[in-house]
Amino acid sequence: MTLRMTRRAALASGLAATGGALATPAYAQTRERVARVWGEPGPYIGVFTNGLNEWAQRNAPGLRFESEQIAWDAVYTKLATDLAARRPPALISVESPIAYQLAAEGLLEPMQDVNQAIRARERLVDGFSIDDFGTWKGTQYAVPLHHQGCLFVMQDDVRQEAGLSDPVNWTWNDMLSGARAIQQRRQGSAGFTMALGRNLCGDYHIQQLIWQAGGMTWDPARSFETTFNSAATIEAYDFIKELYGTMPRSAVEFSFLQVVDQHVTGRTGSSFYWGRTMGRAFDEAKPIYDKMEYYLNPAHPRTGARWSWTDINGFIMPRQNNPFVREAKEALAHVMNSTDWMVRYSTSLFPNVGPVFKDQASAPGIQQHPMYQAKRRSVDVIFTGFVPHACNSGHEMKKGVNPLAGIGHGRNVWSQVAQRILVNNENTRAAVEWGHRQFEDIRRENRRLLG
Amino acid sequence: MRLSFDRYNPLRPDEQPFVGFDNYVFVLQDPLFWESFWQALVWTGWSTVLQALIGVGMALLLHQPLRGMNAFRGLLLFPYIVPTVVIALNWRWLFNAEIGIINHLLLSAGIIDDRIAWLSTPNMAMGSAILLNVWKYTPFVVIVVLARLQTIPTELYDAAKVDGAGALRRFRDITLPQLAEVLAVVIVFRTIWTFNKFEEIYLLTRGGPGTSTYNLALYAFDQSIANLRMGVGAAAGVIMLLLLLAGSVLYIRVSGFGREDKSA
């Protein structure tokens, strides 16, 4: 059997095909484009993305920004895989150590133009500079977004019950004896809690103690030499070993959530954490919230240092395979120039997301927030008081920016050292030497980043 | 396999030099690899043995012609159906030493005086991870064994009863030989799947505390993704493949799987 097409059918098919071909560009133009925006878990990235979409609706029809929440521990993993797949997000809210690393890898778009458009230098709160958020070799790769300092959280009723002094002037010795006193006073309750699990939270908590003792992982002033096996590092781990006696035994598996759980369920007298513990207590445990106070971290008795592991968080933008560079920059400037949007961002998880701009920090929306009204001293410590003590692994003790820190982020070496000491009963020096070798491997494998 | 001979950092996708056997040398010289290997053996060995024992026992119970047995057989599949991520996260809560319900119940019943650190001490963490694995995958063994039990001719049991064989004897001389081949297959599959298991341990303990529950799947993942050594991770994967291949061939030979067919 043969099929014979009539002239009319052939004409109709030809017209339909031509029409379809002509319509394709129009269809493509009206089809929605999605620019992904990565942020930490929590409502704040969603609020920011709403602001970006406000710009998109007015200025880029068909473009939609979509937020993706990436767990703290998973940012690095997802970033590596998405960059490798050449499908990066349009914007990433990220901690400065990762920003420094990616900038040194040559993967980021310079952001000076956005920082100028939002007058970031003039508006930034005292104590921070734009460079703290992700500047590498003089080029700004990050736009300031928020800050979160890890601090000492204390239940004041528990402290008074144990007859302890005001923690404002506490040193490590006071902290240890205070935790012991609380533990003795309240059977079944921990005196102190920090994360010691093999995770990012454990790394953060441990690092701030190492800095307070005067130790560093790498020294930018000495060609990024690995300096982890110093006496100060050993002292910090020995202190953690002593403190562990006042913690729940399961602290060796704790991460972010477990520390907050422990505190807001009233199972510890004190802990290390960022602002979220207060927010969770406000939402779920009013009696705990009422007696909760934030303090600067207890000072090291010799150095007097009170360093806080601070999430100095900015927006970075992948340079390659990112079709949204121009639009995302304009949208970013739109939101960051709006005090209103930045206040909404900060208050979406109060007081976890510290304001980075003066106009934002002094806005009525923040100043009149019920938590600020009720706990002004503590919130001031969270928002501004800790700033002189703020640093992180990307800028240890503010002695120089270090792109190796981002790589260290994914490996949990700091917390693994603690686990070797606490779980495997390894000698502190031997465990620290093991950690030193891991950091030295990172340095050797990534020497090219150091230029 | 090709990646295992290259050095590849996903952040530098344009650089992928051939490095020969360097990745394999790295893996075999890494103490953590050997630590993970021994832990993988413990994890796989205990999980598979317990699943086989409990699975056969439960299949025998479910083989009884009782009322409502079909509904019970259906319910048995529940742990196998629920996504691993849901189970692991729930178990984390259940086993939480401080606020978990298991410790709460044990304390309330006066069975224990002090909270058990289920996931915080090396032995308990490995035990808890194995328990989860056994709970989730025993239904698979039950279903396969039950299917085989239902095909064993009842005449064999009747004849044995006439000859005076007791229940234990009938189990040893009829049931077990009839189950041998299906058990060989089940054990090989469960061994392969458990040895390669990543998500349960990752979600429950992340290999901790210390490296007490760190297995080879976690090792390969951490090398590839956390340490950005994709070549090393691939080499670890290839080594796992070879180990499983060798183990499976050895086991099938020792168990005599398929020998009857050949002789026939």
# chains A, B, ... in the order shown; residues from 1 in each chain; ligands from 1
$ closest_atom_pairs --of "chain A" --to "chain B" --cutoff "6 Å" --atoms "only C-alpha atoms" --output "Markdown table"
| residue | atom | partner | partner_atom | distance |
| --- | --- | --- | --- | --- |
| A:Thr77 | CA | B:Ile225 | CA | 5.8 |
| A:Ala80 | CA | B:Leu11 | CA | 5.9 |
| A:Ala84 | CA | B:Pro10 | CA | 4.8 |
| A:Ser250 | CA | B:Ser120 | CA | 5.0 |
| A:Glu253 | CA | B:Ser120 | CA | 5.9 |
| A:Gly410 | CA | B:Ala226 | CA | 4.9 |
| A:Arg411 | CA | B:Ala226 | CA | 5.8 |
| A:Gln419 | CA | B:Gly210 | CA | 4.9 |
| A:Arg420 | CA | B:Gly210 | CA | 5.9 |
$ residues_around --residues "Leu179 of chain B" --least-positions-apart "4" --cutoff "8 Å" --atoms "only C-alpha atoms" --output "MDAnalysis selection string"
chainID B and resid 145 148:149 175 183
$ residues_around --residues "segment 363-379 of chain A" --least-positions-apart "5" --cutoff "10 Å" --atoms "only C-alpha atoms" --output "list of chain:residue names"
A:Val153, A:Gly275, A:Met278, A:Gly279, A:Phe282, A:Tyr289, A:Asp290, A:Lys291, A:Met292, A:Glu293, A:Tyr294, A:Tyr295, A:Leu296, A:Thr339, A:Asp340, A:Met342, A:Val343, A:Arg344, A:Ser346, A:Thr347, A:Phe350, A:Pro351, A:Asn352, A:Gly354, A:Pro355, A:Phe357, A:Lys358, A:Thr384, A:Gly385
$ write_last_selection --atoms "C-alpha atoms" --output "PDB file, in the first residue's frame"
ATOM      1  CA  VAL A 153      24.416  31.419  76.428  1.00  0.00           C
ATOM      2  CA  GLY A 275      21.246  33.813  68.284  1.00  0.00           C
ATOM      3  CA  MET A 278      17.025  32.671  72.047  1.00  0.00           C
ATOM      4  CA  GLY A 279      14.622  32.604  69.089  1.00  0.00           C
ATOM      5  CA  PHE A 282      10.968  32.526  72.559  1.00  0.00           C
ATOM      6  CA  TYR A 289      13.560  32.374  77.305  1.00  0.00           C
ATOM      7  CA  ASP A 290      12.710  34.605  80.260  1.00  0.00           C
ATOM      8  CA  LYS A 291      15.895  33.622  82.115  1.00  0.00           C
ATOM      9  CA  MET A 292      18.214  33.334  79.103  1.00  0.00           C
ATOM     10  CA  GLU A 293      21.090  35.761  78.662  1.00  0.00           C
ATOM     11  CA  TYR A 294      23.872  36.038  76.075  1.00  0.00           C
ATOM     12  CA  TYR A 295      27.446  36.953  76.997  1.00  0.00           C
ATOM     13  CA  LEU A 296      30.738  37.318  75.216  1.00  0.00           C
ATOM     14  CA  THR A 339      16.039  49.280  54.466  1.00  0.00           C
ATOM     15  CA  ASP A 340      12.576  47.815  54.620  1.00  0.00           C
ATOM     16  CA  MET A 342      16.745  44.254  54.923  1.00  0.00           C
ATOM     17  CA  VAL A 343      14.751  44.700  58.135  1.00  0.00           C
ATOM     18  CA  ARG A 344      12.298  42.051  56.999  1.00  0.00           C
ATOM     19  CA  SER A 346      16.759  40.269  59.755  1.00  0.00           C
ATOM     20  CA  THR A 347      13.515  39.985  61.632  1.00  0.00           C
ATOM     21  CA  PHE A 350      15.252  37.215  65.146  1.00  0.00           C
ATOM     22  CA  PRO A 351      17.930  37.548  66.556  1.00  0.00           C
ATOM     23  CA  ASN A 352      19.755  34.983  64.468  1.00  0.00           C
ATOM     24  CA  GLY A 354      22.548  40.158  62.549  1.00  0.00           C
ATOM     25  CA  PRO A 355      21.977  43.376  60.565  1.00  0.00           C
ATOM     26  CA  PHE A 357      23.864  48.034  57.626  1.00  0.00           C
ATOM     27  CA  LYS A 358      23.514  50.943  60.057  1.00  0.00           C
ATOM     28  CA  THR A 384      27.112  44.576  68.134  1.00  0.00           C
ATOM     29  CA  GLY A 385      28.901  43.634  71.367  1.00  0.00           C
TER      30      GLY A 385
END
$ select_by_dssp --residues "segment 61-134 of chain B" --states "helix (DSSP H, G or I)" --output "PyMOL selection string"
chain B and resi 61-62+69-76+78-81+84-94+101-108+122-134
$ residues_around --residues "segment 319-331 of chain A" --least-positions-apart "3" --cutoff "6 Å" --atoms "only C-alpha atoms" --output "ChimeraX atom specification"
/A:52,55,86,90,107-109,334
$ write_last_selection --atoms "N, CA and C atoms" --output "PDB file, in the first residue's frame"
ATOM      1  N   LEU A  52      13.970  40.006  45.731  1.00  0.00           N
ATOM      2  CA  LEU A  52      14.548  39.879  44.384  1.00  0.00           C
ATOM      3  C   LEU A  52      13.435  39.768  43.345  1.00  0.00           C
ATOM      4  N   TRP A  55      11.863  43.012  42.283  1.00  0.00           N
ATOM      5  CA  TRP A  55      12.608  43.666  41.206  1.00  0.00           C
ATOM      6  C   TRP A  55      12.300  42.992  39.864  1.00  0.00           C
ATOM      7  N   ARG A  86      28.308  22.238  36.017  1.00  0.00           N
ATOM      8  CA  ARG A  86      28.178  23.481  35.243  1.00  0.00           C
ATOM      9  C   ARG A  86      26.740  24.018  35.295  1.00  0.00           C
ATOM     10  N   ALA A  90      22.338  31.170  40.714  1.00  0.00           N
ATOM     11  CA  ALA A  90      22.641  32.547  40.315  1.00  0.00           C
ATOM     12  C   ALA A  90      23.328  33.299  41.443  1.00  0.00           C
ATOM     13  N   LEU A 107      36.463  31.301  40.591  1.00  0.00           N
ATOM     14  CA  LEU A 107      35.120  30.878  40.201  1.00  0.00           C
ATOM     15  C   LEU A 107      34.062  31.965  40.388  1.00  0.00           C
ATOM     16  N   LEU A 108      34.469  33.107  40.968  1.00  0.00           N
ATOM     17  CA  LEU A 108      33.442  34.094  41.333  1.00  0.00           C
ATOM     18  C   LEU A 108      33.485  35.355  40.469  1.00  0.00           C
ATOM     19  N   GLU A 109      32.329  35.967  40.377  1.00  0.00           N
ATOM     20  CA  GLU A 109      32.144  37.226  39.670  1.00  0.00           C
ATOM     21  C   GLU A 109      32.504  38.377  40.635  1.00  0.00           C
ATOM     22  N   HIS A 334      18.719  46.229  44.376  1.00  0.00           N
ATOM     23  CA  HIS A 334      17.366  46.703  44.698  1.00  0.00           C
ATOM     24  C   HIS A 334      16.991  46.323  46.142  1.00  0.00           C
TER      25      HIS A 334
END
$ atom_distance --atom1 "atom CA of Ala125 of chain B" --atom2 "atom CA of Arg429 of chain A"
26.0 Å
$ select_by_dssp --residues "segment 55-227 of chain A" --states "strand (DSSP E or B)" --output "JSON, numbers by chain"
{"A": [63, 64, 65, 66, 67, 68, 69, 91, 92, 93, 94, 95, 108, 124, 135, 136, 139, 140, 143, 144, 145, 146, 147, 148, 149, 151, 152, 153, 154, 155, 171, 190, 193, 218, 219, 225, 226]}
$ closest_residue --among "A:Pro298, A:Gly188, A:Gly163, A:Gly138" --to "Ala103 of chain A" --atoms "only C-alpha atoms"
A:Gly138
$ closest_residue --among "A:Glu445, A:Glu426, A:Glu396, A:Asp359" --to "Gln208 of chain A" --atoms "only C-alpha atoms"
A:Glu396
$ closest_atom_pairs --of "segment 141-226 of chain A" --to "segment 305-311 of chain A" --cutoff "6 Å" --atoms "only C-alpha atoms" --output "Markdown table"
| residue | atom | partner | partner_atom | distance |
| --- | --- | --- | --- | --- |
| A:His147 | CA | A:Asp311 | CA | 5.4 |
| A:Gln148 | CA | A:Asp311 | CA | 5.0 |
| A:Gly149 | CA | A:Thr310 | CA | 4.2 |
| A:Cys150 | CA | A:Ser308 | CA | 5.3 |
| A:Tyr204 | CA | A:Trp309 | CA | 5.9 |
| A:Gln208 | CA | A:Trp309 | CA | 5.5 |
| A:Gln212 | CA | A:Ala305 | CA | 4.8 |
$ write_last_selection --atoms "N, CA and C atoms" --output "PDB file, in the first residue's frame"
ATOM      1  N   HIS A 147      25.538  38.799  59.732  1.00  0.00           N
ATOM      2  CA  HIS A 147      26.585  38.226  60.576  1.00  0.00           C
ATOM      3  C   HIS A 147      25.934  37.504  61.737  1.00  0.00           C
ATOM      4  N   GLN A 148      26.598  36.447  62.185  1.00  0.00           N
ATOM      5  CA  GLN A 148      26.096  35.668  63.325  1.00  0.00           C
ATOM      6  C   GLN A 148      27.307  35.232  64.138  1.00  0.00           C
ATOM      7  N   GLY A 149      27.397  35.732  65.355  1.00  0.00           N
ATOM      8  CA  GLY A 149      28.526  35.360  66.204  1.00  0.00           C
ATOM      9  C   GLY A 149      28.145  34.265  67.186  1.00  0.00           C
ATOM     10  N   CYS A 150      29.068  33.323  67.388  1.00  0.00           N
ATOM     11  CA  CYS A 150      28.818  32.248  68.352  1.00  0.00           C
ATOM     12  C   CYS A 150      29.195  32.752  69.749  1.00  0.00           C
ATOM     13  N   TYR A 204      33.252  24.653  64.518  1.00  0.00           N
ATOM     14  CA  TYR A 204      33.148  26.068  64.896  1.00  0.00           C
ATOM     15  C   TYR A 204      33.414  26.259  66.397  1.00  0.00           C
ATOM     16  N   GLN A 208      36.904  28.314  68.043  1.00  0.00           N
ATOM     17  CA  GLN A 208      36.941  29.573  68.807  1.00  0.00           C
ATOM     18  C   GLN A 208      37.725  29.413  70.101  1.00  0.00           C
ATOM     19  N   GLN A 212      41.081  31.472  71.129  1.00  0.00           N
ATOM     20  CA  GLN A 212      41.158  32.159  72.433  1.00  0.00           C
ATOM     21  C   GLN A 212      42.470  31.809  73.142  1.00  0.00           C
TER      22      GLN A 212
END
$ residues_around --residues "segment 244-259 of chain B" --least-positions-apart "3" --cutoff "12 Å" --atoms "only C-alpha atoms" --output "ChimeraX atom specification"
/B:37,40-41,44,177,179-196,216,237-241,262-264
$ atom_distance --atom1 "atom CA of Thr428 of chain A" --atom2 "atom CA of Glu440 of chain A"
18.1 Å
$ atom_distance --atom1 "atom CA of Leu156 of chain B" --atom2 "atom CA of Leu77 of chain B"
29.6 Å
$ residues_around --residues "Phe133 of chain A" --least-positions-apart "6" --cutoff "8 Å" --atoms "only C-alpha atoms" --output "PyMOL selection string"
chain A and resi 95-96+99+142-144+312-314
$ closest_residue --among "A:Arg180, A:His300, A:His205, A:Arg186" --to "Thr246 of chain A" --atoms "only C-alpha atoms"
A:Arg180
$ residues_around --residues "Glu32 of chain A" --least-positions-apart "3" --cutoff "7 Å" --atoms "only C-alpha atoms" --output "number ranges by chain"
A: 62-64
$ write_last_selection --atoms "N, CA and C atoms" --output "PDB file, in the first residue's frame"
ATOM      1  N   GLY A  62       9.211  37.445  33.157  1.00  0.00           N
ATOM      2  CA  GLY A  62       9.617  36.085  32.774  1.00  0.00           C
ATOM      3  C   GLY A  62      10.736  35.538  33.623  1.00  0.00           C
ATOM      4  N   LEU A  63      11.351  36.404  34.449  1.00  0.00           N
ATOM      5  CA  LEU A  63      12.425  35.915  35.331  1.00  0.00           C
ATOM      6  C   LEU A  63      11.854  35.717  36.739  1.00  0.00           C
ATOM      7  N   ARG A  64      12.175  34.580  37.313  1.00  0.00           N
ATOM      8  CA  ARG A  64      11.744  34.331  38.695  1.00  0.00           C
ATOM      9  C   ARG A  64      12.932  33.836  39.501  1.00  0.00           C
TER      10      ARG A  64
END
